[in-house]
>>> print(open('structure.cif').read())   # mmCIF, C-alpha atoms and all ligand atoms; chains and numbers go by the auth columns
data_final
#
loop_
_atom_site.group_PDB
_atom_site.id
_atom_site.type_symbol
_atom_site.label_atom_id
_atom_site.label_comp_id
_atom_site.label_asym_id
_atom_site.label_seq_id
_atom_site.Cartn_x
_atom_site.Cartn_y
_atom_site.Cartn_z
_atom_site.B_iso_or_equiv
_atom_site.auth_seq_id
_atom_site.auth_asym_id
ATOM 1 C CA MET A 1 -18.260 -1.115 -10.381 0.00 30 S
ATOM 2 C CA GLN A 2 -16.261 -4.299 -9.923 0.00 31 S
ATOM 3 C CA VAL A 3 -15.374 -6.066 -6.712 0.00 32 S
ATOM 4 C CA ILE A 4 -12.384 -4.369 -5.063 0.00 33 S
ATOM 5 C CA ILE A 5 -9.897 -6.552 -3.210 0.00 34 S
ATOM 6 C CA GLY A 6 -7.552 -4.824 -0.754 0.00 35 S
ATOM 7 C CA LEU A 7 -4.070 -6.366 -0.901 0.00 36 S
ATOM 8 C CA THR A 8 -1.964 -5.813 2.186 0.00 37 S
ATOM 9 C CA GLY A 9 0.767 -7.301 4.364 0.00 38 S
ATOM 10 C CA GLY A 10 3.704 -6.110 6.421 0.00 39 S
ATOM 11 C CA ILE A 11 6.910 -4.775 4.879 0.00 40 S
ATOM 12 C CA GLY A 12 8.749 -7.556 3.055 0.00 41 S
ATOM 13 C CA SER A 13 5.819 -9.986 3.203 0.00 42 S
ATOM 14 C CA GLY A 14 5.601 -10.164 -0.591 0.00 43 S
ATOM 15 C CA LYS A 15 2.813 -7.748 -1.610 0.00 44 S
ATOM 16 C CA SER A 16 4.591 -6.518 -4.751 0.00 45 S
ATOM 17 C CA THR A 17 5.534 -10.064 -5.703 0.00 46 S
ATOM 18 C CA VAL A 18 1.903 -11.153 -5.338 0.00 47 S
ATOM 19 C CA ALA A 19 0.590 -8.051 -7.140 0.00 48 S
ATOM 20 C CA LYS A 20 2.792 -8.884 -10.166 0.00 49 S
ATOM 21 C CA GLU A 21 1.211 -12.322 -10.396 0.00 50 S
ATOM 22 C CA PHE A 22 -2.299 -10.865 -10.356 0.00 51 S
ATOM 23 C CA THR A 23 -1.227 -8.370 -13.025 0.00 52 S
ATOM 24 C CA ALA A 24 -0.035 -11.309 -15.118 0.00 53 S
ATOM 25 C CA LEU A 25 -3.552 -12.756 -14.783 0.00 54 S
ATOM 26 C CA GLY A 26 -4.944 -9.531 -16.266 0.00 55 S
ATOM 27 C CA ILE A 27 -6.039 -7.860 -13.032 0.00 56 S
ATOM 28 C CA ASP A 28 -5.663 -4.080 -12.678 0.00 57 S
ATOM 29 C CA ILE A 29 -3.810 -3.025 -9.532 0.00 58 S
ATOM 30 C CA VAL A 30 -4.065 0.407 -7.954 0.00 59 S
ATOM 31 C CA ASP A 31 -0.946 1.020 -5.860 0.00 60 S
ATOM 32 C CA ALA A 32 -1.605 3.314 -2.871 0.00 61 S
ATOM 33 C CA ASP A 33 2.089 4.126 -2.336 0.00 62 S
ATOM 34 C CA LYS A 34 2.456 5.091 -5.978 0.00 63 S
ATOM 35 C CA VAL A 35 -0.599 7.363 -5.794 0.00 64 S
ATOM 36 C CA ALA A 36 0.809 9.023 -2.667 0.00 65 S
ATOM 37 C CA ARG A 37 3.940 9.852 -4.702 0.00 66 S
ATOM 38 C CA GLN A 38 2.048 10.907 -7.848 0.00 67 S
ATOM 39 C CA VAL A 39 -0.013 13.581 -6.080 0.00 68 S
ATOM 40 C CA VAL A 40 3.135 15.486 -5.067 0.00 69 S
ATOM 41 C CA GLU A 41 4.963 15.288 -8.381 0.00 70 S
ATOM 42 C CA PRO A 42 6.109 18.575 -9.943 0.00 71 S
ATOM 43 C CA GLY A 43 3.151 20.327 -11.566 0.00 72 S
ATOM 44 C CA GLN A 44 0.617 18.867 -9.145 0.00 73 S
ATOM 45 C CA PRO A 45 -1.410 21.462 -7.182 0.00 74 S
ATOM 46 C CA ALA A 46 -0.573 19.790 -3.839 0.00 75 S
ATOM 47 C CA LEU A 47 3.136 20.379 -4.379 0.00 76 S
ATOM 48 C CA ALA A 48 2.561 24.093 -4.988 0.00 77 S
ATOM 49 C CA GLU A 49 0.545 24.295 -1.748 0.00 78 S
ATOM 50 C CA ILE A 50 3.277 22.509 0.183 0.00 79 S
ATOM 51 C CA GLU A 51 5.876 24.922 -1.167 0.00 80 S
ATOM 52 C CA LEU A 52 3.715 27.918 -0.188 0.00 81 S
ATOM 53 C CA TYR A 53 3.105 26.661 3.335 0.00 82 S
ATOM 54 C CA LEU A 54 6.467 25.123 4.205 0.00 83 S
ATOM 55 C CA GLY A 55 8.762 27.301 2.100 0.00 84 S
ATOM 56 C CA PRO A 56 10.934 26.679 -0.981 0.00 85 S
ATOM 57 C CA ASP A 57 13.464 24.616 1.017 0.00 86 S
ATOM 58 C CA VAL A 58 11.053 21.728 0.839 0.00 87 S
ATOM 59 C CA LEU A 59 11.895 21.345 -2.861 0.00 88 S
ATOM 60 C CA ASN A 60 15.207 20.189 -4.280 0.00 89 S
ATOM 61 C CA ALA A 61 17.066 21.936 -7.118 0.00 90 S
ATOM 62 C CA ALA A 62 15.003 20.035 -9.708 0.00 91 S
ATOM 63 C CA GLY A 63 11.756 21.294 -8.144 0.00 92 S
ATOM 64 C CA GLU A 64 10.853 17.897 -6.716 0.00 93 S
ATOM 65 C CA LEU A 65 9.704 17.262 -3.177 0.00 94 S
ATOM 66 C CA ASN A 66 12.666 16.824 -0.829 0.00 95 S
ATOM 67 C CA ARG A 67 11.242 14.034 1.295 0.00 96 S
ATOM 68 C CA ALA A 68 13.991 14.072 3.906 0.00 97 S
ATOM 69 C CA LYS A 69 13.402 17.799 4.441 0.00 98 S
ATOM 70 C CA LEU A 70 9.633 17.302 4.573 0.00 99 S
ATOM 71 C CA ARG A 71 9.996 14.509 7.152 0.00 100 S
ATOM 72 C CA GLN A 72 12.239 16.751 9.242 0.00 101 S
ATOM 73 C CA LEU A 73 9.774 19.668 9.132 0.00 102 S
ATOM 74 C CA ILE A 74 6.738 17.624 10.108 0.00 103 S
ATOM 75 C CA PHE A 75 8.672 15.717 12.756 0.00 104 S
ATOM 76 C CA GLN A 76 9.379 19.051 14.428 0.00 105 S
ATOM 77 C CA SER A 77 5.844 20.396 14.242 0.00 106 S
ATOM 78 C CA GLU A 78 2.574 18.646 14.989 0.00 107 S
ATOM 79 C CA THR A 79 0.707 21.582 13.388 0.00 108 S
ATOM 80 C CA LYS A 80 2.615 21.188 10.128 0.00 109 S
ATOM 81 C CA LYS A 81 2.105 17.455 10.204 0.00 110 S
ATOM 82 C CA GLN A 82 -1.649 17.872 10.644 0.00 111 S
ATOM 83 C CA TRP A 83 -1.771 20.498 7.919 0.00 112 S
ATOM 84 C CA LEU A 84 0.015 18.159 5.508 0.00 113 S
ATOM 85 C CA ASN A 85 -2.279 15.242 6.315 0.00 114 S
ATOM 86 C CA ALA A 86 -5.372 17.412 5.906 0.00 115 S
ATOM 87 C CA LEU A 87 -4.083 18.524 2.507 0.00 116 S
ATOM 88 C CA LEU A 88 -2.967 15.164 1.156 0.00 117 S
ATOM 89 C CA HIS A 89 -5.457 12.636 2.513 0.00 118 S
ATOM 90 C CA PRO A 90 -8.488 13.804 0.515 0.00 119 S
ATOM 91 C CA ILE A 91 -6.395 14.205 -2.652 0.00 120 S
ATOM 92 C CA ILE A 92 -4.923 10.724 -2.261 0.00 121 S
ATOM 93 C CA ARG A 93 -8.351 9.246 -1.525 0.00 122 S
ATOM 94 C CA ASP A 94 -9.948 10.912 -4.569 0.00 123 S
ATOM 95 C CA THR A 95 -7.093 9.799 -6.825 0.00 124 S
ATOM 96 C CA LEU A 96 -7.305 6.221 -5.524 0.00 125 S
ATOM 97 C CA LEU A 97 -11.052 6.157 -6.115 0.00 126 S
ATOM 98 C CA ALA A 98 -10.656 7.636 -9.596 0.00 127 S
ATOM 99 C CA GLN A 99 -8.065 4.993 -10.518 0.00 128 S
ATOM 100 C CA LEU A 100 -10.240 2.206 -9.078 0.00 129 S
ATOM 101 C CA ASN A 101 -13.152 3.540 -11.113 0.00 130 S
ATOM 102 C CA MET A 102 -11.113 3.473 -14.303 0.00 131 S
ATOM 103 C CA ALA A 103 -10.094 -0.158 -13.858 0.00 132 S
ATOM 104 C CA LYS A 104 -11.378 -2.461 -16.557 0.00 133 S
ATOM 105 C CA SER A 105 -10.485 -5.929 -15.263 0.00 134 S
ATOM 106 C CA GLU A 106 -13.031 -8.449 -13.902 0.00 135 S
ATOM 107 C CA TYR A 107 -12.183 -7.338 -10.373 0.00 136 S
ATOM 108 C CA VAL A 108 -9.614 -4.819 -9.187 0.00 137 S
ATOM 109 C CA MET A 109 -7.003 -4.736 -6.446 0.00 138 S
ATOM 110 C CA LEU A 110 -5.976 -1.917 -4.157 0.00 139 S
ATOM 111 C CA GLU A 111 -2.409 -2.644 -3.028 0.00 140 S
ATOM 112 C CA ALA A 112 -1.719 -0.759 0.202 0.00 141 S
ATOM 113 C CA PRO A 113 0.804 -1.545 2.951 0.00 142 S
ATOM 114 C CA LEU A 114 -1.365 0.504 5.342 0.00 143 S
ATOM 115 C CA LEU A 115 -4.769 -0.679 4.076 0.00 144 S
ATOM 116 C CA LEU A 116 -5.961 -1.553 7.589 0.00 145 S
ATOM 117 C CA GLU A 117 -4.080 1.180 9.473 0.00 146 S
ATOM 118 C CA ASN A 118 -5.479 3.927 7.204 0.00 147 S
ATOM 119 C CA LYS A 119 -8.943 2.346 7.017 0.00 148 S
ATOM 120 C CA LEU A 120 -8.833 2.084 3.238 0.00 149 S
ATOM 121 C CA THR A 121 -11.019 -0.981 3.774 0.00 150 S
ATOM 122 C CA GLN A 122 -13.969 1.410 3.577 0.00 151 S
ATOM 123 C CA TYR A 123 -13.361 1.406 -0.192 0.00 152 S
ATOM 124 C CA THR A 124 -12.752 -2.330 -0.589 0.00 153 S
ATOM 125 C CA ASP A 125 -14.987 -5.381 -0.499 0.00 154 S
ATOM 126 C CA TYR A 126 -12.547 -8.049 0.695 0.00 155 S
ATOM 127 C CA THR A 127 -9.111 -8.121 2.263 0.00 156 S
ATOM 128 C CA LEU A 128 -6.263 -10.324 1.045 0.00 157 S
ATOM 129 C CA VAL A 129 -3.295 -10.535 3.413 0.00 158 S
ATOM 130 C CA VAL A 130 0.145 -11.737 2.351 0.00 159 S
ATOM 131 C CA ASP A 131 1.658 -13.380 5.397 0.00 160 S
ATOM 132 C CA VAL A 132 5.091 -14.510 6.558 0.00 161 S
ATOM 133 C CA ASP A 133 6.448 -14.554 10.100 0.00 162 S
ATOM 134 C CA GLU A 134 8.306 -11.500 11.418 0.00 163 S
ATOM 135 C CA LYS A 135 11.726 -13.123 11.167 0.00 164 S
ATOM 136 C CA LEU A 136 11.312 -13.823 7.451 0.00 165 S
ATOM 137 C CA GLN A 137 9.790 -10.367 6.908 0.00 166 S
ATOM 138 C CA ILE A 138 12.909 -8.735 8.368 0.00 167 S
ATOM 139 C CA GLU A 139 15.244 -11.044 6.439 0.00 168 S
ATOM 140 C CA ARG A 140 13.601 -10.379 3.060 0.00 169 S
ATOM 141 C CA ALA A 141 13.098 -6.652 3.595 0.00 170 S
ATOM 142 C CA MET A 142 16.739 -6.244 4.691 0.00 171 S
ATOM 143 C CA GLN A 143 17.938 -8.108 1.625 0.00 172 S
ATOM 144 C CA ARG A 144 15.754 -6.074 -0.727 0.00 173 S
ATOM 145 C CA ASP A 145 16.348 -2.586 0.661 0.00 174 S
ATOM 146 C CA ASP A 146 19.852 -2.908 2.051 0.00 175 S
ATOM 147 C CA ASN A 147 18.432 -1.533 5.305 0.00 176 S
ATOM 148 C CA SER A 148 19.494 -2.405 8.824 0.00 177 S
ATOM 149 C CA LYS A 149 17.421 -4.647 11.040 0.00 178 S
ATOM 150 C CA SER A 150 16.531 -1.700 13.273 0.00 179 S
ATOM 151 C CA GLN A 151 15.286 0.367 10.304 0.00 180 S
ATOM 152 C CA ILE A 152 13.006 -2.474 9.201 0.00 181 S
ATOM 153 C CA GLN A 153 11.902 -3.069 12.798 0.00 182 S
ATOM 154 C CA ALA A 154 10.957 0.626 13.130 0.00 183 S
ATOM 155 C CA ILE A 155 8.747 0.373 10.021 0.00 184 S
ATOM 156 C CA MET A 156 7.179 -2.817 11.361 0.00 185 S
ATOM 157 C CA ASP A 157 6.486 -1.135 14.701 0.00 186 S
ATOM 158 C CA ALA A 158 4.514 1.576 12.890 0.00 187 S
ATOM 159 C CA GLN A 159 2.388 -1.110 11.196 0.00 188 S
ATOM 160 C CA ILE A 160 -0.419 -3.164 12.710 0.00 189 S
ATOM 161 C CA SER A 161 0.688 -6.440 14.339 0.00 190 S
ATOM 162 C CA ARG A 162 0.701 -9.670 12.384 0.00 191 S
ATOM 163 C CA SER A 163 -2.100 -11.173 14.477 0.00 192 S
ATOM 164 C CA LEU A 164 -4.383 -8.120 14.159 0.00 193 S
ATOM 165 C CA ARG A 165 -3.776 -8.068 10.417 0.00 194 S
ATOM 166 C CA LEU A 166 -4.632 -11.752 10.075 0.00 195 S
ATOM 167 C CA GLN A 167 -7.791 -11.270 12.144 0.00 196 S
ATOM 168 C CA GLN A 168 -9.076 -8.847 9.523 0.00 197 S
ATOM 169 C CA ALA A 169 -8.215 -10.993 6.505 0.00 198 S
ATOM 170 C CA ASP A 170 -10.853 -12.577 4.298 0.00 199 S
ATOM 171 C CA TYR A 171 -8.117 -14.412 2.380 0.00 200 S
ATOM 172 C CA VAL A 172 -4.508 -15.163 3.285 0.00 201 S
ATOM 173 C CA ILE A 173 -1.548 -16.050 1.092 0.00 202 S
ATOM 174 C CA ASP A 174 1.153 -17.866 3.024 0.00 203 S
ATOM 175 C CA ASN A 175 4.360 -16.669 1.334 0.00 204 S
ATOM 176 C CA THR A 176 6.803 -18.600 3.539 0.00 205 S
ATOM 177 C CA SER A 177 7.924 -21.039 0.893 0.00 206 S
ATOM 178 C CA VAL A 178 10.561 -20.011 -1.648 0.00 207 S
ATOM 179 C CA ASP A 179 8.763 -22.185 -4.202 0.00 208 S
ATOM 180 C CA ARG A 180 7.457 -19.629 -6.715 0.00 209 S
ATOM 181 C CA VAL A 181 5.469 -22.282 -8.579 0.00 210 S
ATOM 182 C CA ALA A 182 3.518 -23.062 -5.395 0.00 211 S
ATOM 183 C CA LEU A 183 2.915 -19.324 -4.891 0.00 212 S
ATOM 184 C CA LYS A 184 1.585 -19.006 -8.437 0.00 213 S
ATOM 185 C CA GLN A 185 -0.761 -21.924 -7.773 0.00 214 S
ATOM 186 C CA GLN A 186 -2.104 -20.309 -4.592 0.00 215 S
ATOM 187 C CA ILE A 187 -2.689 -17.105 -6.552 0.00 216 S
ATOM 188 C CA LYS A 188 -4.360 -18.864 -9.464 0.00 217 S
ATOM 189 C CA SER A 189 -6.823 -20.599 -7.158 0.00 218 S
ATOM 190 C CA LEU A 190 -7.600 -17.318 -5.330 0.00 219 S
ATOM 191 C CA HIS A 191 -8.084 -15.632 -8.692 0.00 220 S
ATOM 192 C CA LEU A 192 -10.760 -18.189 -9.598 0.00 221 S
ATOM 193 C CA LYS A 193 -12.514 -17.519 -6.282 0.00 222 S
ATOM 194 C CA PHE A 194 -12.290 -13.747 -6.739 0.00 223 S
ATOM 195 C CA LEU A 195 -13.913 -13.979 -10.169 0.00 224 S
ATOM 196 C CA SER A 196 -17.135 -15.207 -8.567 0.00 225 S
ATOM 197 C CA LEU A 197 -17.269 -12.795 -5.594 0.00 226 S
ATOM 198 C CA LYS A 198 -20.111 -10.352 -5.124 0.00 227 S
ATOM 199 C CA LYS A 199 -19.666 -6.757 -4.006 0.00 228 S
ATOM 200 C CA LYS A 200 -19.999 -6.080 -0.285 0.00 229 S
ATOM 201 C CA THR A 201 -19.488 -2.354 -0.048 0.00 230 S
ATOM 202 C CA PHE A 202 -20.987 0.547 -1.876 0.00 231 S
ATOM 203 C CA ASN A 203 -17.867 2.246 -3.256 0.00 232 S
ATOM 204 C CA SER A 204 -18.683 5.831 -4.092 0.00 233 S
HETATM 205 P P1 LIG B . 6.480 -6.144 -0.012 0.00 1 N
HETATM 206 O O1 LIG B . 5.960 -5.540 -1.296 0.00 1 N
HETATM 207 O O2 LIG B . 5.400 -6.774 0.812 0.00 1 N
HETATM 208 O O3 LIG B . 7.304 -5.204 0.832 0.00 1 N
HETATM 209 P P2 LIG B . 8.135 -7.762 -1.803 0.00 1 N
HETATM 210 O O4 LIG B . 7.159 -8.394 -2.733 0.00 1 N
HETATM 211 O O5 LIG B . 8.942 -6.620 -2.315 0.00 1 N
HETATM 212 O O6 LIG B . 7.435 -7.370 -0.394 0.00 1 N
HETATM 213 O O7 LIG B . 9.081 -8.926 -1.260 0.00 1 N
HETATM 214 C C1 LIG B . 10.168 -8.633 -0.384 0.00 1 N
HETATM 215 C C2 LIG B . 11.431 -9.305 -0.900 0.00 1 N
HETATM 216 O O8 LIG B . 11.295 -10.726 -0.741 0.00 1 N
HETATM 217 C C3 LIG B . 11.684 -9.063 -2.383 0.00 1 N
HETATM 218 O O9 LIG B . 13.067 -8.961 -2.593 0.00 1 N
HETATM 219 C C4 LIG B . 11.117 -10.320 -3.038 0.00 1 N
HETATM 220 O O10 LIG B . 11.774 -10.623 -4.263 0.00 1 N
HETATM 221 C C5 LIG B . 11.393 -11.380 -1.994 0.00 1 N
HETATM 222 N N1 LIG B . 10.382 -12.448 -1.996 0.00 1 N
HETATM 223 C C6 LIG B . 9.039 -12.294 -2.095 0.00 1 N
HETATM 224 N N2 LIG B . 8.418 -13.491 -2.019 0.00 1 N
HETATM 225 C C7 LIG B . 9.380 -14.422 -1.871 0.00 1 N
HETATM 226 C C8 LIG B . 9.385 -15.869 -1.727 0.00 1 N
HETATM 227 N N3 LIG B . 8.257 -16.579 -1.724 0.00 1 N
HETATM 228 N N4 LIG B . 10.580 -16.478 -1.590 0.00 1 N
HETATM 229 C C9 LIG B . 11.721 -15.764 -1.585 0.00 1 N
HETATM 230 N N5 LIG B . 11.806 -14.423 -1.697 0.00 1 N
HETATM 231 C C10 LIG B . 10.647 -13.752 -1.840 0.00 1 N
#
>>> encode(input="structure.cif", output="structure tokens")
Amino acid sequence: MQVIIGLTGGIGSGKSTVAKEFTALGIDIVDADKVARQVVEPGQPALAEIELYLGPDVLNAAGELNRAKLRQLIFQSETKKQWLNALLHPIIRDTLLAQLNMAKSEYVMLEAPLLLENKLTQYTDYTLVVDVDEKLQIERAMQRDDNSKSQIQAIMDAQISRSLRLQQADYVIDNTSVDRVALKQQIKSLHLKFLSLKKKTFNS
């Protein structure tokens, strides 16, 4: 199994932007948010279980998960929230591990906004943090998502603080500059370092 690098950073820090550059260098990226969506797609066993437990209202007319409805149901009930987490966490973990196992590149990245919060670091060898200050994070996330400042702030409040995140980083990309060429250079030089890393963790 290859070295696994966890790629994280707060909302709007530039994780996806950075991930694209590593993809361009031939590195396979496993996207934790994407996996979390895949496991509840129509036809997946987890979606059938959710429908059974929470009722058919949790699906829309097309048979897809109605996320707003789901959020509302689990917001109202701690029991339902715990049930959902107990159902989904092992499925998400197994799917992440399966995708990491299938990766063929020299090393592989696990892109996860909540890498540290959800302790996904138990599956990774090193942590790469994409960093910008909070002001820039809010500015870029607002521009991208057309969200209000308070919506972005609420997401940031549910994430680990910038200083705690940086404390846990093995590598940091400073994404303050708008100079994309400089960003590519930072990534290229990290890539060369990553190619010679040794595994730290036994990833089962
Ligand atoms: P994340 O995946 O961490 O939420 P994104 O990679 O989507 O962040 O970046 C957030 C927004 O900021 C996107 O619209 C992206 O195009 C933009 N962006 C990312 N890096 C830079 C940069 N260095 N300069 C200017 N804009 C950037």
>>> residues_near_ligand(input="structure.cif", ligand="ligand LIG 1 (chain N)", cutoff="9 Å", atoms="only C-alpha atoms and all ligand atoms", output="ChimeraX atom specification")
/S:37-49,142,159-160,165-166,168-174,203-209,211-212
>>> write_last_selection(input="structure.cif", atoms="C-alpha atoms", output="mmCIF file, in the coordinates of the input")
data_model
loop_
_atom_site.group_PDB
_atom_site.id
_atom_site.type_symbol
_atom_site.label_atom_id
_atom_site.label_comp_id
_atom_site.auth_asym_id
_atom_site.auth_seq_id
_atom_site.Cartn_x
_atom_site.Cartn_y
_atom_site.Cartn_z
ATOM 1 C CA THR S 37 -1.964 -5.813 2.186
ATOM 2 C CA GLY S 38 0.767 -7.301 4.364
ATOM 3 C CA GLY S 39 3.704 -6.110 6.421
ATOM 4 C CA ILE S 40 6.910 -4.775 4.879
ATOM 5 C CA GLY S 41 8.749 -7.556 3.055
ATOM 6 C CA SER S 42 5.819 -9.986 3.203
ATOM 7 C CA GLY S 43 5.601 -10.164 -0.591
ATOM 8 C CA LYS S 44 2.813 -7.748 -1.610
ATOM 9 C CA SER S 45 4.591 -6.518 -4.751
ATOM 10 C CA THR S 46 5.534 -10.064 -5.703
ATOM 11 C CA VAL S 47 1.903 -11.153 -5.338
ATOM 12 C CA ALA S 48 0.590 -8.051 -7.140
ATOM 13 C CA LYS S 49 2.792 -8.884 -10.166
ATOM 14 C CA PRO S 142 0.804 -1.545 2.951
ATOM 15 C CA VAL S 159 0.145 -11.737 2.351
ATOM 16 C CA ASP S 160 1.658 -13.380 5.397
ATOM 17 C CA LEU S 165 11.312 -13.823 7.451
ATOM 18 C CA GLN S 166 9.790 -10.367 6.908
ATOM 19 C CA GLU S 168 15.244 -11.044 6.439
ATOM 20 C CA ARG S 169 13.601 -10.379 3.060
ATOM 21 C CA ALA S 170 13.098 -6.652 3.595
ATOM 22 C CA MET S 171 16.739 -6.244 4.691
ATOM 23 C CA GLN S 172 17.938 -8.108 1.625
ATOM 24 C CA ARG S 173 15.754 -6.074 -0.727
ATOM 25 C CA ASP S 174 16.348 -2.586 0.661
ATOM 26 C CA ASP S 203 1.153 -17.866 3.024
ATOM 27 C CA ASN S 204 4.360 -16.669 1.334
ATOM 28 C CA THR S 205 6.803 -18.600 3.539
ATOM 29 C CA SER S 206 7.924 -21.039 0.893
ATOM 30 C CA VAL S 207 10.561 -20.011 -1.648
ATOM 31 C CA ASP S 208 8.763 -22.185 -4.202
ATOM 32 C CA ARG S 209 7.457 -19.629 -6.715
ATOM 33 C CA ALA S 211 3.518 -23.062 -5.395
ATOM 34 C CA LEU S 212 2.915 -19.324 -4.891
#
>>> residues_around(input="structure.cif", residues="stretch 144-149 of chain S", least_positions_apart="6", cutoff="9 Å", atoms="only C-alpha atoms", output="VMD selection string")
chain S and resid 35 to 38 61 122 156 188 to 189 194 197
>>> closest_residue(input="structure.cif", among="S:Ala90, S:Ala127, S:Ile79, S:Ile216", to="S:Ile202", atoms="all atoms listed in the file")
S:Ile216
>>> closest_residue(input="structure.cif", among="S:Ile103, S:Leu76, S:Asp86, S:Tyr136", to="S:Leu116", atoms="only C-alpha atoms")
S:Leu76
>>> atom_distance(input="structure.cif", atom1="atom CA of S:Val32", atom2="atom CA of S:Thr52")
15.7 Å
>>> closest_residue(input="structure.cif", among="S:Ile121, S:Glu93, S:Tyr82, S:Lys213", to="S:Thr108", atoms="all atoms listed in the file")
S:Tyr82
>>> closest_residue(input="structure.cif", among="S:Leu226, S:Val201, S:Val59, S:Ile167", to="S:Asp186", atoms="only C-alpha atoms")
S:Ile167
>>> closest_residue(input="structure.cif", among="S:Val137, S:Leu94, S:Ile34, S:Ile184", to="S:Lys229", atoms="only C-alpha atoms")
S:Ile34
>>> atom_distance(input="structure.cif", atom1="atom CA of S:Ala132", atom2="atom CA of S:Asn114")
26.6 Å
>>> atom_distance(input="structure.cif", atom1="atom CA of S:Tyr155", atom2="atom CA of S:Gly55")
18.6 Å
>>> closest_residue(input="structure.cif", among="S:Gly92, S:Asp162, S:Leu193, S:Met30", to="S:Gly72", atoms="all atoms listed in the file")
S:Gly92
>>> resolve_selection(input="structure.cif", expression="the PyMOL selection byres (((chain S and resi 66) around 12) and not hetatm)", output="PyMOL selection string")
chain S and resi 60-65+67-71+73+75-76+93-96+117+120-121+124-125
>>> resolve_selection(input="structure.cif", expression="the PyMOL selection byres (((chain S and resi 58) around 6) and not hetatm)", output="number ranges by chain")
S: 57, 59, 138-139
>>> residues_around(input="structure.cif", residues="S:Leu221", least_positions_apart="3", cutoff="12 Å", atoms="all atoms listed in the file", output="list of chain:residue names")
S:Phe51, S:Leu54, S:Ile56, S:Glu135, S:Tyr136, S:Gln214, S:Gln215, S:Ile216, S:Lys217, S:Ser218, S:Leu224, S:Ser225, S:Leu226
>>> decode(input="structure.cif", residues="stretch 155-170 of chain S", atoms="N, CA and C atoms", output="PDB file, in the first residue's frame")
ATOM      1  N   TYR S 155       0.454  11.160   6.526  1.00  0.00           N
ATOM      2  CA  TYR S 155       0.887  12.553   6.711  1.00  0.00           C
ATOM      3  C   TYR S 155      -0.296  13.473   6.423  1.00  0.00           C
ATOM      4  N   THR S 156      -0.222  14.661   7.024  1.00  0.00           N
ATOM      5  CA  THR S 156      -1.307  15.626   6.840  1.00  0.00           C
ATOM      6  C   THR S 156      -0.795  16.876   6.117  1.00  0.00           C
ATOM      7  N   LEU S 157      -1.497  17.208   5.031  1.00  0.00           N
ATOM      8  CA  LEU S 157      -1.193  18.428   4.274  1.00  0.00           C
ATOM      9  C   LEU S 157      -2.350  19.408   4.478  1.00  0.00           C
ATOM     10  N   VAL S 158      -2.033  20.578   5.023  1.00  0.00           N
ATOM     11  CA  VAL S 158      -3.069  21.579   5.281  1.00  0.00           C
ATOM     12  C   VAL S 158      -2.944  22.716   4.273  1.00  0.00           C
ATOM     13  N   VAL S 159      -4.074  23.076   3.655  1.00  0.00           N
ATOM     14  CA  VAL S 159      -4.119  24.265   2.813  1.00  0.00           C
ATOM     15  C   VAL S 159      -4.580  25.404   3.709  1.00  0.00           C
ATOM     16  N   ASP S 160      -3.806  26.468   3.737  1.00  0.00           N
ATOM     17  CA  ASP S 160      -4.048  27.520   4.727  1.00  0.00           C
ATOM     18  C   ASP S 160      -4.199  28.906   4.100  1.00  0.00           C
ATOM     19  N   VAL S 161      -5.243  29.606   4.528  1.00  0.00           N
ATOM     20  CA  VAL S 161      -5.367  31.054   4.298  1.00  0.00           C
ATOM     21  C   VAL S 161      -5.983  31.624   5.576  1.00  0.00           C
ATOM     22  N   ASP S 162      -5.903  32.929   5.782  1.00  0.00           N
ATOM     23  CA  ASP S 162      -6.506  33.454   7.006  1.00  0.00           C
ATOM     24  C   ASP S 162      -8.037  33.464   6.887  1.00  0.00           C
ATOM     25  N   GLU S 163      -8.710  33.632   8.027  1.00  0.00           N
ATOM     26  CA  GLU S 163     -10.169  33.475   8.052  1.00  0.00           C
ATOM     27  C   GLU S 163     -10.879  34.476   7.139  1.00  0.00           C
ATOM     28  N   LYS S 164     -10.319  35.671   7.053  1.00  0.00           N
ATOM     29  CA  LYS S 164     -10.956  36.722   6.255  1.00  0.00           C
ATOM     30  C   LYS S 164     -11.005  36.302   4.780  1.00  0.00           C
ATOM     31  N   LEU S 165      -9.888  35.781   4.301  1.00  0.00           N
ATOM     32  CA  LEU S 165      -9.790  35.351   2.904  1.00  0.00           C
ATOM     33  C   LEU S 165     -10.653  34.103   2.669  1.00  0.00           C
ATOM     34  N   GLN S 166     -10.688  33.228   3.663  1.00  0.00           N
ATOM     35  CA  GLN S 166     -11.526  32.025   3.593  1.00  0.00           C
ATOM     36  C   GLN S 166     -12.985  32.427   3.355  1.00  0.00           C
ATOM     37  N   ILE S 167     -13.460  33.384   4.152  1.00  0.00           N
ATOM     38  CA  ILE S 167     -14.855  33.824   4.045  1.00  0.00           C
ATOM     39  C   ILE S 167     -15.090  34.472   2.679  1.00  0.00           C
ATOM     40  N   GLU S 168     -14.160  35.331   2.290  1.00  0.00           N
ATOM     41  CA  GLU S 168     -14.276  36.045   1.005  1.00  0.00           C
ATOM     42  C   GLU S 168     -14.393  35.053  -0.154  1.00  0.00           C
ATOM     43  N   ARG S 169     -13.480  34.084  -0.207  1.00  0.00           N
ATOM     44  CA  ARG S 169     -13.466  33.143  -1.337  1.00  0.00           C
ATOM     45  C   ARG S 169     -14.643  32.190  -1.288  1.00  0.00           C
ATOM     46  N   ALA S 170     -15.007  31.729  -0.100  1.00  0.00           N
ATOM     47  CA  ALA S 170     -16.143  30.802  -0.001  1.00  0.00           C
ATOM     48  C   ALA S 170     -17.444  31.512  -0.366  1.00  0.00           C
TER      49      ALA S 170
END
